[in-house]
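Just coords-v1.cif here, mmCIF, C-alpha atoms:
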```
data_run
#
loop_
_atom_site.label_atom_id
_atom_site.label_comp_id
_atom_site.auth_asym_id
_atom_site.auth_seq_id
_atom_site.Cartn_x
_atom_site.Cartn_y
_atom_site.Cartn_z
CA MET Z 7 0.00 0.00 0.00
CA PHE Z 8 2.68 2.50 1.02
CA SER Z 9 5.60 3.22 -1.28
CA THR Z 10 9.06 4.02 0.02
CA PHE Z 11 8.56 7.59 -1.06
CA GLN Z 12 5.38 7.94 0.98
CA ARG Z 13 7.05 6.48 4.06
CA LEU Z 14 9.97 8.88 3.65
CA GLN Z 15 7.57 11.79 3.22
CA GLN Z 16 5.65 10.89 6.37
CA TYR Z 17 8.86 10.43 8.33
CA CYS Z 18 10.19 13.83 7.23
CA GLY Z 19 6.85 15.45 7.99
CA PHE Z 20 6.80 14.02 11.49
CA VAL Z 21 10.41 15.02 12.23
CA SER Z 22 9.88 18.57 11.01
CA SER Z 23 6.68 19.09 12.99
CA VAL Z 24 8.41 17.84 16.17
CA VAL Z 25 11.36 20.18 15.52
CA ILE Z 26 9.02 23.12 14.88
CA CYS Z 27 7.13 22.43 18.16
CA ILE Z 28 10.38 22.24 20.15
CA MET Z 29 11.67 25.48 18.59
CA ALA Z 30 8.36 27.24 19.33
CA ALA Z 31 8.48 26.07 22.97
CA ILE Z 32 12.11 27.23 23.41
CA SER Z 33 11.41 30.58 21.78
CA LEU Z 34 8.19 31.28 23.65
CA SER Z 35 9.57 30.30 27.07
CA SER Z 36 12.70 32.44 26.67
CA PHE Z 37 10.59 35.37 25.40
CA VAL Z 38 8.43 35.20 28.55
CA HIS Z 39 11.53 34.77 30.72
CA LEU Z 40 13.32 37.81 29.26
CA ASN Z 41 10.32 40.13 29.07
CA TYR Z 42 8.40 39.32 32.23
CA LEU Z 43 10.56 37.34 34.67
CA THR Z 44 13.94 39.08 34.40
CA PRO Z 45 14.36 42.29 36.42
CA VAL Z 46 15.69 45.18 34.31
CA PRO Z 47 19.47 45.40 34.89
CA THR Z 48 20.87 48.66 36.21
CA ALA Z 49 23.71 50.48 34.51
CA SER Z 50 25.85 53.15 36.08
CA ILE Z 51 27.42 55.28 33.40
CA SER Z 52 29.58 58.34 33.61
CA VAL Z 53 30.97 60.10 30.59
CA ASP Z 54 34.03 62.29 31.05
CA ASN Z 55 36.55 64.10 29.04
CA VAL Z 56 34.29 65.03 26.12
CA GLN Z 57 36.32 66.83 23.48
CA VAL Z 58 34.97 68.51 20.37
CA LYS Z 59 37.35 68.93 17.45
CA TYR Z 60 37.05 69.96 13.82
CA GLY Z 61 38.09 67.81 10.85
CA LYS Z 62 37.41 64.42 9.32
CA PRO Z 63 36.19 62.07 12.09
CA PRO Z 64 38.99 59.48 12.61
CA TYR Z 65 36.55 56.53 12.59
CA GLY Z 66 34.34 55.73 9.63
CA TYR Z 67 33.98 56.55 5.97
CA ASN Z 68 32.41 59.97 6.45
CA TYR Z 69 35.02 62.23 4.86
CA LYS Z 70 33.21 65.52 5.47
CA ARG Z 71 35.17 67.98 7.56
CA GLN Z 72 32.95 68.74 10.53
CA GLU Z 73 32.81 68.90 14.31
CA TYR Z 74 33.22 65.57 16.03
CA ALA Z 75 33.25 64.58 19.70
CA SER Z 76 35.43 61.97 21.36
CA MET Z 77 35.12 60.90 24.99
CA THR Z 78 35.98 58.39 27.67
CA PHE Z 79 33.55 56.72 30.03
CA ASP Z 80 33.11 54.50 33.09
CA LEU Z 81 30.48 51.78 32.96
CA ASP Z 82 29.21 49.25 35.48
CA ALA Z 83 26.43 46.81 34.67
CA ASP Z 84 25.56 43.20 35.40
CA LEU Z 85 23.85 41.75 32.35
CA SER Z 86 24.34 38.08 33.28
CA PRO Z 87 20.59 37.56 34.07
CA LEU Z 88 19.95 38.09 30.34
CA PHE Z 89 21.71 34.83 29.57
CA ASN Z 90 19.18 32.01 29.56
CA TRP Z 91 18.83 28.70 27.65
CA ASN Z 92 18.15 30.52 24.40
CA THR Z 93 20.69 33.37 24.52
CA LYS Z 94 23.32 33.16 21.79
CA GLN Z 95 24.85 36.57 22.35
CA LEU Z 96 24.27 40.06 23.66
CA PHE Z 97 24.97 43.08 21.53
CA VAL Z 98 25.50 45.85 24.08
CA TYR Z 99 25.94 49.50 23.21
CA LEU Z 100 26.06 52.98 24.71
CA ALA Z 101 23.97 55.51 22.84
CA ALA Z 102 23.84 59.29 23.18
CA THR Z 103 20.43 60.86 22.56
CA TYR Z 104 20.33 64.59 21.92
CA PRO Z 105 17.81 67.02 20.43
CA GLY Z 106 18.24 69.36 17.47
CA LYS Z 107 16.45 72.07 15.54
CA GLN Z 108 15.44 69.81 12.67
CA TYR Z 109 16.53 66.32 13.68
CA ALA Z 110 16.25 64.36 16.91
CA ASN Z 111 19.40 62.28 17.19
CA LYS Z 112 20.64 59.05 18.66
CA VAL Z 113 24.20 57.91 18.09
CA VAL Z 114 26.05 54.80 19.27
CA PHE Z 115 29.57 55.58 20.53
CA TRP Z 116 30.56 52.25 22.06
CA ASP Z 117 29.45 48.68 21.47
CA SER Z 118 30.44 45.16 22.40
CA ILE Z 119 29.44 41.60 21.59
CA ILE Z 120 29.14 39.36 24.66
CA THR Z 121 28.91 35.63 24.08
CA SER Z 122 29.12 34.17 27.59
CA LYS Z 123 27.52 34.73 30.97
CA GLU Z 124 30.90 35.32 32.64
CA ASP Z 125 31.68 38.22 30.31
CA ALA Z 126 28.28 39.81 30.92
CA ILE Z 127 29.42 41.54 34.11
CA ILE Z 128 30.73 44.77 32.68
CA SER Z 129 33.11 47.01 34.59
CA LEU Z 130 34.98 49.54 32.50
CA ARG Z 131 37.15 52.45 33.66
CA ASN Z 132 38.36 55.34 31.55
CA THR Z 133 37.49 53.49 28.37
CA THR Z 134 37.80 55.38 25.11
CA ALA Z 135 34.66 55.42 22.96
CA ASN Z 136 34.88 53.18 19.86
CA TYR Z 137 33.24 55.73 17.61
CA GLN Z 138 33.27 59.52 17.56
CA ILE Z 139 29.98 61.32 17.53
CA TYR Z 140 29.28 63.69 14.64
CA ASP Z 141 26.04 65.40 13.78
CA VAL Z 142 24.02 65.69 10.55
CA THR Z 143 24.35 69.46 10.72
CA GLY Z 144 28.10 69.24 11.32
CA LYS Z 145 27.83 71.26 14.56
CA PHE Z 146 26.98 70.46 18.18
CA SER Z 147 26.18 74.00 19.43
CA GLU Z 148 26.65 72.93 23.06
CA ARG Z 149 23.61 70.66 23.15
CA THR Z 150 23.11 68.22 26.03
CA ALA Z 151 23.05 64.48 25.41
CA THR Z 152 21.53 61.68 27.50
CA VAL Z 153 23.47 58.41 27.56
CA SER Z 154 21.83 55.03 28.02
CA LEU Z 155 23.06 51.44 28.01
CA GLU Z 156 21.00 49.34 25.62
CA TRP Z 157 21.18 45.82 24.25
CA ASN Z 158 19.85 43.30 21.80
CA VAL Z 159 19.54 39.71 23.03
CA GLN Z 160 20.20 37.42 20.06
CA PRO Z 161 18.49 34.03 20.54
CA TYR Z 162 19.51 30.63 19.18
CA VAL Z 163 16.03 30.49 17.71
CA GLY Z 164 12.99 32.75 17.89
CA LEU Z 165 12.32 36.39 18.62
CA LEU Z 166 14.99 39.06 19.04
CA THR Z 167 14.70 41.09 22.24
CA PHE Z 168 15.65 44.77 22.50
CA SER Z 169 15.83 46.59 25.81
CA LYS Z 170 17.71 49.20 27.84
CA GLY Z 171 19.09 49.43 31.35
CA GLU Z 172 17.91 51.57 34.22
CA GLY Z 173 20.18 54.53 34.79
CA ARG Z 174 21.02 57.48 32.57
CA SER Z 175 23.92 59.85 32.37
CA LYS Z 176 24.15 63.30 30.81
CA PHE Z 177 26.85 65.37 29.24
CA THR Z 178 27.01 68.63 27.30
CA PHE Z 179 29.06 68.93 24.14
CA PRO Z 180 31.69 71.58 24.94
CA PRO Z 181 32.29 74.42 22.49
CA LEU Z 182 34.77 73.76 19.71
CA ALA Z 183 38.27 74.34 21.02
CA SER Z 184 40.01 76.86 18.77
CA ALA Z 185 43.23 75.80 17.06
CA SER Z 186 45.43 77.96 19.31
CA SER Z 187 43.94 76.69 22.56
CA GLN Z 188 44.29 73.10 21.35
CA LYS Z 189 47.97 73.70 20.70
CA ALA Z 190 48.37 75.24 24.11
CA ARG Z 191 47.12 72.02 25.71
CA MET F 28 5.45 4.24 -25.71
CA LEU F 29 2.61 6.44 -24.57
CA PRO F 30 0.02 4.42 -22.69
CA GLN F 31 -3.54 4.61 -23.88
CA LEU F 32 -5.30 7.01 -21.59
CA SER F 33 -8.49 5.50 -20.36
CA GLY F 34 -11.04 7.82 -18.74
CA LEU F 35 -9.89 6.90 -15.25
CA GLN F 36 -6.21 7.47 -16.00
CA LEU F 37 -6.93 10.84 -17.55
CA ARG F 38 -8.89 11.79 -14.47
CA GLN F 39 -5.96 10.75 -12.23
CA THR F 40 -3.47 12.76 -14.28
CA LEU F 41 -5.68 15.82 -14.14
CA VAL F 42 -6.14 15.50 -10.37
CA GLN F 43 -2.37 15.27 -9.95
CA ALA F 44 -1.87 18.37 -12.09
CA LEU F 45 -4.50 20.20 -10.07
CA ASN F 46 -2.81 19.21 -6.82
CA PHE F 47 0.50 20.47 -8.13
CA CYS F 48 -1.08 23.81 -9.03
CA LEU F 49 -2.69 23.98 -5.60
CA VAL F 50 0.68 23.55 -3.88
CA LEU F 51 2.24 26.27 -6.03
CA THR F 52 -0.57 28.78 -5.54
CA THR F 53 -0.76 28.11 -1.79
CA ALA F 54 2.95 28.85 -1.44
CA TYR F 55 2.57 32.00 -3.53
CA MET F 56 -0.46 33.16 -1.54
CA PHE F 57 1.36 32.52 1.74
CA TRP F 58 4.33 34.61 0.56
CA LYS F 59 2.21 37.50 -0.76
CA GLY F 60 -0.09 37.36 2.29
CA LEU F 61 2.94 37.62 4.57
CA SER F 62 4.14 40.55 2.45
CA VAL F 63 0.85 42.37 3.04
CA VAL F 64 0.79 41.62 6.78
CA THR F 65 4.40 42.73 7.36
CA ASP F 66 4.26 45.55 4.77
CA SER F 67 7.57 44.38 3.36
CA PRO F 68 8.34 43.31 -0.24
CA SER F 69 10.47 40.44 1.07
CA PRO F 70 9.28 39.41 4.57
CA ILE F 71 11.65 36.43 4.85
CA VAL F 72 15.32 36.67 3.91
CA VAL F 73 18.28 34.31 3.98
CA VAL F 74 21.57 35.69 5.33
CA LEU F 75 24.21 35.66 2.57
CA SER F 76 27.28 37.10 4.27
CA GLY F 77 29.17 36.79 7.52
CA SER F 78 29.12 40.49 8.31
CA MET F 79 26.73 40.04 11.27
CA GLU F 80 28.55 37.08 12.86
CA PRO F 81 28.24 35.67 15.45
CA ALA F 82 24.58 36.80 15.58
CA PHE F 83 23.75 35.61 12.06
CA GLN F 84 25.65 33.10 9.94
CA ARG F 85 25.27 32.37 6.25
CA GLY F 86 22.07 30.42 5.61
CA ASP F 87 20.12 31.61 8.64
CA ILE F 88 16.53 32.71 8.05
CA LEU F 89 15.28 36.11 9.21
CA PHE F 90 11.70 37.30 9.57
CA LEU F 91 11.15 40.98 8.87
CA TRP F 92 8.58 43.52 10.01
CA ASN F 93 8.08 46.85 8.27
CA ARG F 94 4.93 48.32 9.84
CA ASP F 95 6.74 50.69 12.20
CA ALA F 96 7.20 54.08 10.56
CA ARG F 97 10.53 54.61 12.32
CA VAL F 98 13.23 52.04 13.07
CA LYS F 99 15.34 52.32 16.22
CA VAL F 100 19.03 52.40 16.98
CA GLY F 101 20.11 48.82 17.71
CA ASP F 102 17.58 47.33 15.28
CA ILE F 103 18.93 45.07 12.58
CA VAL F 104 17.51 46.24 9.26
CA VAL F 105 17.56 44.89 5.73
CA TYR F 106 18.16 47.57 3.12
CA ASN F 107 18.46 47.89 -0.63
CA VAL F 108 20.62 50.77 -1.82
CA LYS F 109 19.44 52.23 -5.15
CA GLY F 110 21.45 50.77 -8.01
CA ARG F 111 22.65 47.76 -6.03
CA ASP F 112 20.50 44.65 -6.14
CA ILE F 113 21.84 42.67 -3.16
CA PRO F 114 19.91 43.33 0.07
CA ILE F 115 22.16 43.93 3.11
CA VAL F 116 21.39 42.95 6.72
CA HIS F 117 23.15 45.31 9.17
CA ARG F 118 22.56 47.06 12.49
CA VAL F 119 21.45 50.68 12.88
CA VAL F 120 24.06 52.67 14.82
CA ARG F 121 22.95 56.26 14.10
CA ASN F 122 19.49 57.65 13.81
CA HIS F 123 18.47 61.21 12.90
CA VAL F 124 14.70 61.76 12.80
CA SER F 125 12.86 64.83 11.58
CA SER F 126 9.11 65.17 11.14
CA LYS F 127 9.51 64.29 7.45
CA LYS F 128 12.20 61.66 7.27
CA GLN F 129 14.60 59.41 9.08
CA LEU F 130 18.29 59.14 8.27
CA LEU F 131 20.21 56.05 9.37
CA LEU F 132 23.77 54.85 9.48
CA THR F 133 24.29 51.09 9.59
CA LYS F 134 27.22 48.83 10.43
CA GLY F 135 27.75 45.07 10.39
CA ASP F 136 28.60 43.74 13.87
CA ASN F 137 31.52 41.80 12.39
CA ASN F 138 32.77 44.66 10.18
CA ALA F 139 35.45 47.02 11.41
CA MET F 140 34.05 50.00 9.53
CA ASP F 141 30.61 51.52 9.00
CA ASP F 142 28.50 51.04 5.86
CA VAL F 143 29.08 54.37 4.12
CA ASP F 144 31.23 52.65 1.48
CA LEU F 145 28.32 50.32 0.67
CA TYR F 146 25.98 53.23 -0.03
CA SER F 147 25.81 55.22 -3.27
CA TYR F 148 28.52 57.72 -4.15
CA LYS F 149 28.47 60.69 -1.73
CA GLN F 150 25.59 59.16 0.23
CA TYR F 151 26.28 59.32 3.98
CA TYR F 152 22.95 58.12 5.35
CA LEU F 153 20.23 55.62 4.48
CA ASP F 154 16.70 56.87 3.94
CA ARG F 155 14.27 54.85 6.03
CA GLU F 156 11.30 55.10 3.62
CA GLN F 157 13.23 54.71 0.39
CA GLU F 158 15.76 52.04 1.21
CA VAL F 159 14.89 50.00 4.29
CA VAL F 160 12.88 46.84 3.54
CA GLY F 161 12.22 45.83 7.16
CA ALA F 162 13.63 45.21 10.62
CA VAL F 163 14.55 41.71 11.84
CA LYS F 164 12.14 40.34 14.47
CA GLY F 165 12.54 36.56 14.30
CA TYR F 166 15.35 34.13 13.62
CA ILE F 167 15.75 30.48 12.61
CA PRO F 168 19.27 29.11 12.14
CA ILE F 169 20.73 27.12 9.22
CA VAL F 170 17.48 26.14 7.42
CA GLY F 171 17.93 28.66 4.60
CA TYR F 172 21.26 27.15 3.62
CA VAL F 173 19.39 24.99 1.07
CA THR F 174 18.73 28.08 -1.07
CA ILE F 175 22.40 29.13 -0.92
CA LEU F 176 23.42 25.59 -1.92
CA LEU F 177 20.99 25.67 -4.85
CA SER F 178 21.89 29.12 -6.08
CA GLU F 179 25.66 28.75 -5.77
CA ASN F 180 26.21 25.15 -6.85
CA LEU F 181 25.08 23.82 -10.19
CA TRP F 182 25.42 20.19 -9.01
CA ALA F 183 22.92 20.73 -6.20
CA LYS F 184 20.39 22.09 -8.67
CA TYR F 185 20.86 19.11 -11.01
CA ALA F 186 20.78 16.66 -8.08
CA LEU F 187 17.45 18.08 -6.93
CA LEU F 188 15.92 18.10 -10.41
CA GLY F 189 17.31 14.64 -11.18
CA GLY F 190 16.07 13.24 -7.90
CA MET F 191 12.60 14.64 -8.44
CA GLY F 192 12.54 13.31 -12.00
CA LEU F 193 13.71 9.88 -10.85
CA LEU F 194 11.05 9.74 -8.16
CA ALA F 195 8.35 10.73 -10.65
CA MET F 196 9.48 7.91 -13.00
CA VAL F 197 9.93 5.20 -10.38
CA GLN F 198 6.98 6.00 -8.20
CA ARG F 199 3.67 4.29 -9.01
CA ASP F 200 0.60 5.16 -7.07
#
```
In structure tokens, what does this structure look like?
Amino acid sequence: MFSTFQRLQQYCGFVSSVVICIMAAISLSSFVHLNYLTPVPTASISVDNVQVKYGKPPYGYNYKRQEYASMTFDLDADLSPLFNWNTKQLFVYLAATYPGKQYANKVVFWDSIITSKEDAIISLRNTTANYQIYDVTGKFSERTATVSLEWNVQPYVGLLTFSKGEGRSKFTFPPLASASSQKAR
Amino acid sequence: MLPQLSGLQLRQTLVQALNFCLVLTTAYMFWKGLSVVTDSPSPIVVVLSGSMEPAFQRGDILFLWNRDARVKVGDIVVYNVKGRDIPIVHRVVRNHVSSKKQLLLTKGDNNAMDDVDLYSYKQYYLDREQEVVGAVKGYIPIVGYVTILLSENLWAKYALLGGMGLLAMVQRD
């Protein structure tokens, strides 16, 4: 009655439906765990030593000459609770949010990929930002930025989770240091 | 060589053809329906490069969502730059929103530099409405590797076609 092909088809169908059910269970349980059962981690951030200069930003392919800001920061956060049975990696980043006349802005100035629970306890001192901040208008005009620690939890399978830590820090972009005063330093 | 088609055999052949059409149209409807629901021209994509490793490897399947008017910093978006036909999956690292439009800068997690050199000449930012196809919401590993195998290796294509042909010849039911 049943040909080999039909048996094979039924076997494959059964295996794939079992795999799909398992994946759905893993994904759903970790989604609930991350969104409802994990307390929001706290981040203590302090940004120091913000310097605004004029020229081509050292990082990146934006070759426009413009104002850019570099900085150092301290960061303490324990993100290990975000590692559960379905966490493949964390993509963690510090973002500066600041207003503008035409555009509201948010710029990442430091990021890190964390692949194990042990590495998820972050404690950084006097760390230099990976990326300089530059603005669409090319000028900062002494605006004030709010810094937050945010992350994306990448699962082995299922839904991606995006969230941010409790705790904000603020800094104001200093005025552009003139060429002579930069030399004097 | 050709068997005489009796009424019953003809009926069977037609039913088979109809079933085949049904499978094709169901798949097409599913795809287009998903497109409408997610508001994205390609709601499911297969990762083709290693630029987002270790989050995404080649052959992983991504599910996109495009109903949100603005994407966020940290989101992983798929974008098509005008004049380049390969869609790129990278993370948003800069976001400048006005009331009219949203400008984005993207970067692959595994790339040392940002994406400006992937954009058009003298283009420094992506336009959310014009170029972004959707943001990644769901992820299934490996499964999409079949399509990479088929599109990059001629032998895989022939093996699949040959196998299907062989089954159609051998199988009697």
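Nearest-residue note for Leu155 of chain Z: choosing from Z:Arg174, Z:Leu100, Z:Val142, Z:Leu43, the minimum distance belongs to Z:Leu100, counting only C-alpha atoms.
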Exercise for the section: Pick out the residues sitting within 8 Å of Thr93 of chain Z, and hand them over as a ChimeraX atom specification; count all atoms listed in the file, and ignore anything fewer than 6 positions along from it in its own chain. Expected result: /Z:159-162
Restricting the output to C-alpha atoms, write the selected residues as an mmCIF file, in the coordinates of the input.
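Generated file (part25.cif):
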```cif
data_model
loop_
_atom_site.group_PDB
_atom_site.id
_atom_site.type_symbol
_atom_site.label_atom_id
_atom_site.label_comp_id
_atom_site.auth_asym_id
_atom_site.auth_seq_id
_atom_site.Cartn_x
_atom_site.Cartn_y
_atom_site.Cartn_z
ATOM 1 C CA VAL Z 159 19.540 39.710 23.030
ATOM 2 C CA GLN Z 160 20.200 37.420 20.060
ATOM 3 C CA PRO Z 161 18.490 34.030 20.540
ATOM 4 C CA TYR Z 162 19.510 30.630 19.180
#
```
Exercise for the section: In the coordinate frame of the file, compute which residues have an atom within 6 Å of (16.8, 49.4, 19.5) when using all atoms listed in the file, and state them as a ChimeraX atom specification. Expected result: /Z:168 /F:99-102
Practice task
Within 8 Å of chain F, which residues of chain Z are there when counting all atoms listed in the file? Please give them as a PyMOL selection string.
Solution key: chain Z and resi 9+11+65-68+94-95+108-114+142+156-158+160-166+168
Handout entry: Among listed residues Z:Ile120, Z:Leu81, Z:Ala151, Z:Ala75, nearest Leu96 of chain Z (using only C-alpha atoms)
Key = Z:Ile120
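Among the candidates Z:Ile51, Z:Met77, Z:Leu88, Z:Val56, the residue lying nearest to Phe37 of chain Z is Z:Leu88 (atoms considered: all atoms listed in the file).
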Exercise for the section: Give me the residues within 8 Å of segment 157-160 of chain F as number ranges by chain, counting all atoms listed in the file and dropping any in the same chain fewer than 2 places off. Expected result: F: 67-69, 93, 104-109, 153-155, 162
Go ahead and save the residues from that selection, with C-alpha atoms, as a PDB file, keeping the file's coordinate frame.
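out.pdb, written as the output of this step:
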```
ATOM      1  CA  SER F  67       7.570  44.380   3.360  1.00  0.00           C
ATOM      2  CA  PRO F  68       8.340  43.310  -0.240  1.00  0.00           C
ATOM      3  CA  SER F  69      10.470  40.440   1.070  1.00  0.00           C
ATOM      4  CA  ASN F  93       8.080  46.850   8.270  1.00  0.00           C
ATOM      5  CA  VAL F 104      17.510  46.240   9.260  1.00  0.00           C
ATOM      6  CA  VAL F 105      17.560  44.890   5.730  1.00  0.00           C
ATOM      7  CA  TYR F 106      18.160  47.570   3.120  1.00  0.00           C
ATOM      8  CA  ASN F 107      18.460  47.890  -0.630  1.00  0.00           C
ATOM      9  CA  VAL F 108      20.620  50.770  -1.820  1.00  0.00           C
ATOM     10  CA  LYS F 109      19.440  52.230  -5.150  1.00  0.00           C
ATOM     11  CA  LEU F 153      20.230  55.620   4.480  1.00  0.00           C
ATOM     12  CA  ASP F 154      16.700  56.870   3.940  1.00  0.00           C
ATOM     13  CA  ARG F 155      14.270  54.850   6.030  1.00  0.00           C
ATOM     14  CA  ALA F 162      13.630  45.210  10.620  1.00  0.00           C
TER      15      ALA F 162
END
```
Enclose segment 123-126 of chain Z, meaning all of its atoms listed in the file, in a box aligned along x, y and z, pad it by 6 Å on each side, and list the centre and edge lengths in Å to one decimal, as JSON.
```
{"center_x": 29.6, "center_y": 37.3, "center_z": 31.5, "size_x": 16.2, "size_y": 17.1, "size_z": 14.3}
```
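For the atom pair formed by atom CA of Asp112 of chain F and atom CA of Leu75 of chain F, the distance is 13.1 Å, given to one decimal.
Across the structure, atom CA of Ala195 of chain F and atom CA of Gln12 of chain Z are spaced 12.3 Å apart.
Of the residues under consideration (Z:Glu148, Z:Trp91, Z:Leu130, Z:Cys18), Z:Trp91 shows the shortest atom-to-atom contact distance to Ile32 of chain Z when counting all atoms listed in the file.
For the pair atom CA of Gly173 of chain Z and atom CA of Asp125 of chain Z, the separation is 20.5 Å.
Put simply, the PyMOL selection byres ((chain Z and resi 150) around 7) in this file takes in Tyr104, Glu148, Arg149, Ala151, Thr152, Lys176, Phe177, Thr178 and Phe179 of chain Z.
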Problem - Target residues per the PyMOL selection byres ((chain F and resi 173) around 12), formatted as a VMD selection string - result: chain F and resid 73 to 75 85 to 88 168 to 172 174 to 180 183 to 184 187
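Using all atoms listed in the file, the nearest neighbour of Asp54 of chain Z within the list Z:Leu34, Z:Ile127, Z:Val153, Z:Leu182 is Z:Val153.
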Practice task
Output the residue selection produced by the PyMOL selection byres ((chain Z and resi 132) around 9) on the file above, formatted as a list of chain:residue names.
Solution key: Z:Val53, Z:Asp54, Z:Thr78, Z:Phe79, Z:Asp80, Z:Leu81, Z:Leu130, Z:Arg131, Z:Thr133, Z:Thr134
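Using all atoms listed in the file, the smallest distance between any of Z:Ser52, Z:Ser169, Z:Ser35, Z:Ser76 and Asn136 of chain Z comes from Z:Ser76.
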